Amino acid sequence: QRWRGLDPAPSDGVRVRTADGRVTVHIDLVTAAADQAAAVGRAVQRAVTRFVAEQTGLVVDEVTVSIMDIEPAVR
């Protein structure tokens, strides 16, 4: 958003490091009990890798996703 002059999105739980034109991203997230945590983590990794590469042109070395909590299903 900053590149386009927009207000930045909330970034709590996201850390990005760049060095020599390469990017490493670490994401902490919470998922719902109805979702499969491993599948959510993999989907986030793929989506972030693709988006960062497309938007920045940088090489994405790594996207690490940590599932910090699984919220119980609402009854």
# chains A, B, ... in the order shown; residues from 1 in each chain; ligands from 1
>>> residues_around(residues="segment 46-53 of chain A", least_positions_apart="4", cutoff="12 Å", atoms="only C-alpha atoms", output="list in words")
Val14, Val16, Thr18, Gly21, Arg22, Val23, Thr24, Val25, His26, Ile27, Ala39, Val40, Gly41, Arg42, Gly57, Leu58, Val59, Val60, Asp61, Glu62, Val63, Thr64 and Val65 of chain A
>>> select_by_dssp(residues="chain A", states="strand (DSSP E)", output="PDB file with N, CA, C and O atoms, in the first residue's frame")
ATOM      1  N   VAL A  14       3.095 -10.044  11.103  1.00  0.00           N
ATOM      2  CA  VAL A  14       3.827 -10.224   9.844  1.00  0.00           C
ATOM      3  C   VAL A  14       5.183  -9.543   9.977  1.00  0.00           C
ATOM      4  O   VAL A  14       5.280  -8.387  10.362  1.00  0.00           O
ATOM      5  N   ARG A  15       6.231 -10.294   9.658  1.00  0.00           N
ATOM      6  CA  ARG A  15       7.586  -9.752   9.661  1.00  0.00           C
ATOM      7  C   ARG A  15       8.214 -10.042   8.297  1.00  0.00           C
ATOM      8  O   ARG A  15       8.135 -11.155   7.807  1.00  0.00           O
ATOM      9  N   VAL A  16       8.828  -9.020   7.724  1.00  0.00           N
ATOM     10  CA  VAL A  16       9.436  -9.155   6.402  1.00  0.00           C
ATOM     11  C   VAL A  16      10.879  -8.692   6.488  1.00  0.00           C
ATOM     12  O   VAL A  16      11.167  -7.630   7.051  1.00  0.00           O
ATOM     13  N   ARG A  17      11.757  -9.486   5.920  1.00  0.00           N
ATOM     14  CA  ARG A  17      13.172  -9.110   5.838  1.00  0.00           C
ATOM     15  C   ARG A  17      13.592  -9.176   4.378  1.00  0.00           C
ATOM     16  O   ARG A  17      13.240 -10.114   3.667  1.00  0.00           O
ATOM     17  N   THR A  18      14.364  -8.185   3.973  1.00  0.00           N
ATOM     18  CA  THR A  18      14.903  -8.197   2.615  1.00  0.00           C
ATOM     19  C   THR A  18      16.412  -8.068   2.686  1.00  0.00           C
ATOM     20  O   THR A  18      16.946  -7.370   3.550  1.00  0.00           O
ATOM     21  N   ALA A  19      17.068  -8.751   1.783  1.00  0.00           N
ATOM     22  CA  ALA A  19      18.525  -8.662   1.659  1.00  0.00           C
ATOM     23  C   ALA A  19      18.910  -9.098   0.258  1.00  0.00           C
ATOM     24  O   ALA A  19      18.481 -10.151  -0.214  1.00  0.00           O
ATOM     25  N   ARG A  22      16.219 -10.315  -2.128  1.00  0.00           N
ATOM     26  CA  ARG A  22      15.496 -11.526  -1.729  1.00  0.00           C
ATOM     27  C   ARG A  22      14.669 -11.223  -0.480  1.00  0.00           C
ATOM     28  O   ARG A  22      15.049 -10.395   0.331  1.00  0.00           O
ATOM     29  N   VAL A  23      13.548 -11.906  -0.336  1.00  0.00           N
ATOM     30  CA  VAL A  23      12.604 -11.624   0.747  1.00  0.00           C
ATOM     31  C   VAL A  23      12.346 -12.876   1.576  1.00  0.00           C
ATOM     32  O   VAL A  23      12.210 -13.975   1.034  1.00  0.00           O
ATOM     33  N   THR A  24      12.272 -12.676   2.891  1.00  0.00           N
ATOM     34  CA  THR A  24      11.830 -13.714   3.814  1.00  0.00           C
ATOM     35  C   THR A  24      10.643 -13.148   4.577  1.00  0.00           C
ATOM     36  O   THR A  24      10.710 -12.027   5.091  1.00  0.00           O
ATOM     37  N   VAL A  25       9.552 -13.912   4.640  1.00  0.00           N
ATOM     38  CA  VAL A  25       8.333 -13.457   5.303  1.00  0.00           C
ATOM     39  C   VAL A  25       7.967 -14.453   6.398  1.00  0.00           C
ATOM     40  O   VAL A  25       7.981 -15.666   6.168  1.00  0.00           O
ATOM     41  N   HIS A  26       7.648 -13.933   7.581  1.00  0.00           N
ATOM     42  CA  HIS A  26       7.172 -14.757   8.698  1.00  0.00           C
ATOM     43  C   HIS A  26       5.785 -14.248   9.075  1.00  0.00           C
ATOM     44  O   HIS A  26       5.604 -13.052   9.314  1.00  0.00           O
ATOM     45  N   ILE A  27       4.818 -15.162   9.125  1.00  0.00           N
ATOM     46  CA  ILE A  27       3.433 -14.795   9.404  1.00  0.00           C
ATOM     47  C   ILE A  27       2.918 -15.610  10.577  1.00  0.00           C
ATOM     48  O   ILE A  27       3.049 -16.836  10.591  1.00  0.00           O
ATOM     49  N   ASP A  28       2.338 -14.924  11.559  1.00  0.00           N
ATOM     50  CA  ASP A  28       1.640 -15.569  12.672  1.00  0.00           C
ATOM     51  C   ASP A  28       0.160 -15.385  12.421  1.00  0.00           C
ATOM     52  O   ASP A  28      -0.292 -14.267  12.151  1.00  0.00           O
ATOM     53  N   LEU A  29      -0.602 -16.479  12.494  1.00  0.00           N
ATOM     54  CA  LEU A  29      -2.034 -16.328  12.266  1.00  0.00           C
ATOM     55  C   LEU A  29      -2.846 -17.243  13.170  1.00  0.00           C
ATOM     56  O   LEU A  29      -2.331 -18.162  13.787  1.00  0.00           O
ATOM     57  N   VAL A  30      -4.125 -16.924  13.221  1.00  0.00           N
ATOM     58  CA  VAL A  30      -5.103 -17.702  13.975  1.00  0.00           C
ATOM     59  C   VAL A  30      -6.112 -18.222  12.966  1.00  0.00           C
ATOM     60  O   VAL A  30      -6.524 -17.496  12.058  1.00  0.00           O
ATOM     61  N   THR A  31      -6.497 -19.470  13.109  1.00  0.00           N
ATOM     62  CA  THR A  31      -7.470 -20.055  12.199  1.00  0.00           C
ATOM     63  C   THR A  31      -8.656 -20.592  12.997  1.00  0.00           C
ATOM     64  O   THR A  31      -8.597 -20.694  14.212  1.00  0.00           O
ATOM     65  N   ALA A  32      -9.699 -20.925  12.301  1.00  0.00           N
ATOM     66  CA  ALA A  32     -10.902 -21.456  12.942  1.00  0.00           C
ATOM     67  C   ALA A  32     -10.811 -22.970  13.036  1.00  0.00           C
ATOM     68  O   ALA A  32     -10.153 -23.621  12.217  1.00  0.00           O
ATOM     69  N   VAL A  59      12.860 -11.997  -5.293  1.00  0.00           N
ATOM     70  CA  VAL A  59      12.843 -13.449  -5.087  1.00  0.00           C
ATOM     71  C   VAL A  59      12.394 -13.718  -3.658  1.00  0.00           C
ATOM     72  O   VAL A  59      12.933 -13.144  -2.708  1.00  0.00           O
ATOM     73  N   VAL A  60      11.400 -14.575  -3.496  1.00  0.00           N
ATOM     74  CA  VAL A  60      10.908 -14.934  -2.166  1.00  0.00           C
ATOM     75  C   VAL A  60      11.647 -16.192  -1.729  1.00  0.00           C
ATOM     76  O   VAL A  60      11.442 -17.276  -2.277  1.00  0.00           O
ATOM     77  N   ASP A  61      12.539 -16.036  -0.761  1.00  0.00           N
ATOM     78  CA  ASP A  61      13.312 -17.168  -0.255  1.00  0.00           C
ATOM     79  C   ASP A  61      12.469 -18.103   0.593  1.00  0.00           C
ATOM     80  O   ASP A  61      12.587 -19.313   0.493  1.00  0.00           O
ATOM     81  N   GLU A  62      11.633 -17.494   1.432  1.00  0.00           N
ATOM     82  CA  GLU A  62      10.907 -18.309   2.404  1.00  0.00           C
ATOM     83  C   GLU A  62       9.676 -17.568   2.905  1.00  0.00           C
ATOM     84  O   GLU A  62       9.722 -16.358   3.121  1.00  0.00           O
ATOM     85  N   VAL A  63       8.589 -18.312   3.081  1.00  0.00           N
ATOM     86  CA  VAL A  63       7.405 -17.812   3.771  1.00  0.00           C
ATOM     87  C   VAL A  63       7.103 -18.819   4.870  1.00  0.00           C
ATOM     88  O   VAL A  63       6.778 -19.972   4.599  1.00  0.00           O
ATOM     89  N   THR A  64       7.262 -18.395   6.106  1.00  0.00           N
ATOM     90  CA  THR A  64       7.008 -19.247   7.259  1.00  0.00           C
ATOM     91  C   THR A  64       5.679 -18.834   7.877  1.00  0.00           C
ATOM     92  O   THR A  64       5.472 -17.655   8.170  1.00  0.00           O
ATOM     93  N   VAL A  65       4.791 -19.806   8.069  1.00  0.00           N
ATOM     94  CA  VAL A  65       3.494 -19.541   8.679  1.00  0.00           C
ATOM     95  C   VAL A  65       3.427 -20.291  10.002  1.00  0.00           C
ATOM     96  O   VAL A  65       3.612 -21.509  10.040  1.00  0.00           O
ATOM     97  N   SER A  66       3.174 -19.568  11.075  1.00  0.00           N
ATOM     98  CA  SER A  66       2.994 -20.172  12.396  1.00  0.00           C
ATOM     99  C   SER A  66       1.532 -20.036  12.791  1.00  0.00           C
ATOM    100  O   SER A  66       0.989 -18.925  12.805  1.00  0.00           O
ATOM    101  N   ILE A  67       0.910 -21.156  13.097  1.00  0.00           N
ATOM    102  CA  ILE A  67      -0.471 -21.143  13.583  1.00  0.00           C
ATOM    103  C   ILE A  67      -0.393 -20.889  15.086  1.00  0.00           C
ATOM    104  O   ILE A  67       0.035 -21.746  15.854  1.00  0.00           O
ATOM    105  N   MET A  68      -0.790 -19.698  15.500  1.00  0.00           N
ATOM    106  CA  MET A  68      -0.664 -19.290  16.895  1.00  0.00           C
ATOM    107  C   MET A  68      -1.825 -19.789  17.757  1.00  0.00           C
ATOM    108  O   MET A  68      -1.666 -19.984  18.953  1.00  0.00           O
ATOM    109  N   ASP A  69      -2.989 -19.988  17.131  1.00  0.00           N
ATOM    110  CA  ASP A  69      -4.151 -20.431  17.887  1.00  0.00           C
ATOM    111  C   ASP A  69      -5.177 -20.975  16.905  1.00  0.00           C
ATOM    112  O   ASP A  69      -5.181 -20.614  15.727  1.00  0.00           O
ATOM    113  N   ILE A  70      -6.019 -21.854  17.408  1.00  0.00           N
ATOM    114  CA  ILE A  70      -7.150 -22.363  16.645  1.00  0.00           C
ATOM    115  C   ILE A  70      -8.390 -22.031  17.459  1.00  0.00           C
ATOM    116  O   ILE A  70      -8.559 -22.539  18.569  1.00  0.00           O
ATOM    117  N   GLU A  71      -9.222 -21.158  16.907  1.00  0.00           N
ATOM    118  CA  GLU A  71     -10.412 -20.729  17.633  1.00  0.00           C
ATOM    119  C   GLU A  71     -11.466 -21.832  17.560  1.00  0.00           C
ATOM    120  O   GLU A  71     -11.704 -22.410  16.502  1.00  0.00           O
TER     121      GLU A  71
END
>>> atom_distance(atom1="atom CA of Thr56 of chain A", atom2="atom CA of Gly5 of chain A")
15.2 Å
>>> select_by_dssp(residues="chain A", states="alpha helix (DSSP H)", output="short mmCIF file (atom, residue, chain, number, x, y, z; two decimals) with C-alpha atoms, in the first residue's frame")
data_model
loop_
_atom_site.label_atom_id
_atom_site.label_comp_id
_atom_site.auth_asym_id
_atom_site.auth_seq_id
_atom_site.Cartn_x
_atom_site.Cartn_y
_atom_site.Cartn_z
CA ALA A 37 -4.68 -25.67 10.05
CA ALA A 38 -2.03 -27.33 7.87
CA ALA A 39 -4.04 -26.64 4.70
CA VAL A 40 -4.56 -23.01 5.72
CA GLY A 41 -0.82 -22.63 6.37
CA ARG A 42 0.10 -24.07 2.97
CA ALA A 43 -2.48 -21.89 1.19
CA VAL A 44 -1.15 -18.77 2.90
CA GLN A 45 2.43 -19.69 1.97
CA ARG A 46 1.53 -20.14 -1.69
CA ALA A 47 -0.57 -16.97 -1.88
CA VAL A 48 2.01 -14.77 -0.12
CA THR A 49 4.89 -16.15 -2.19
CA ARG A 50 3.04 -15.50 -5.44
CA PHE A 51 1.75 -12.06 -4.45
CA VAL A 52 5.06 -10.72 -3.09
CA ALA A 53 6.95 -11.91 -6.17
CA GLU A 54 4.36 -10.41 -8.54
CA GLN A 55 4.11 -7.08 -6.73
CA THR A 56 7.80 -6.52 -5.97
#
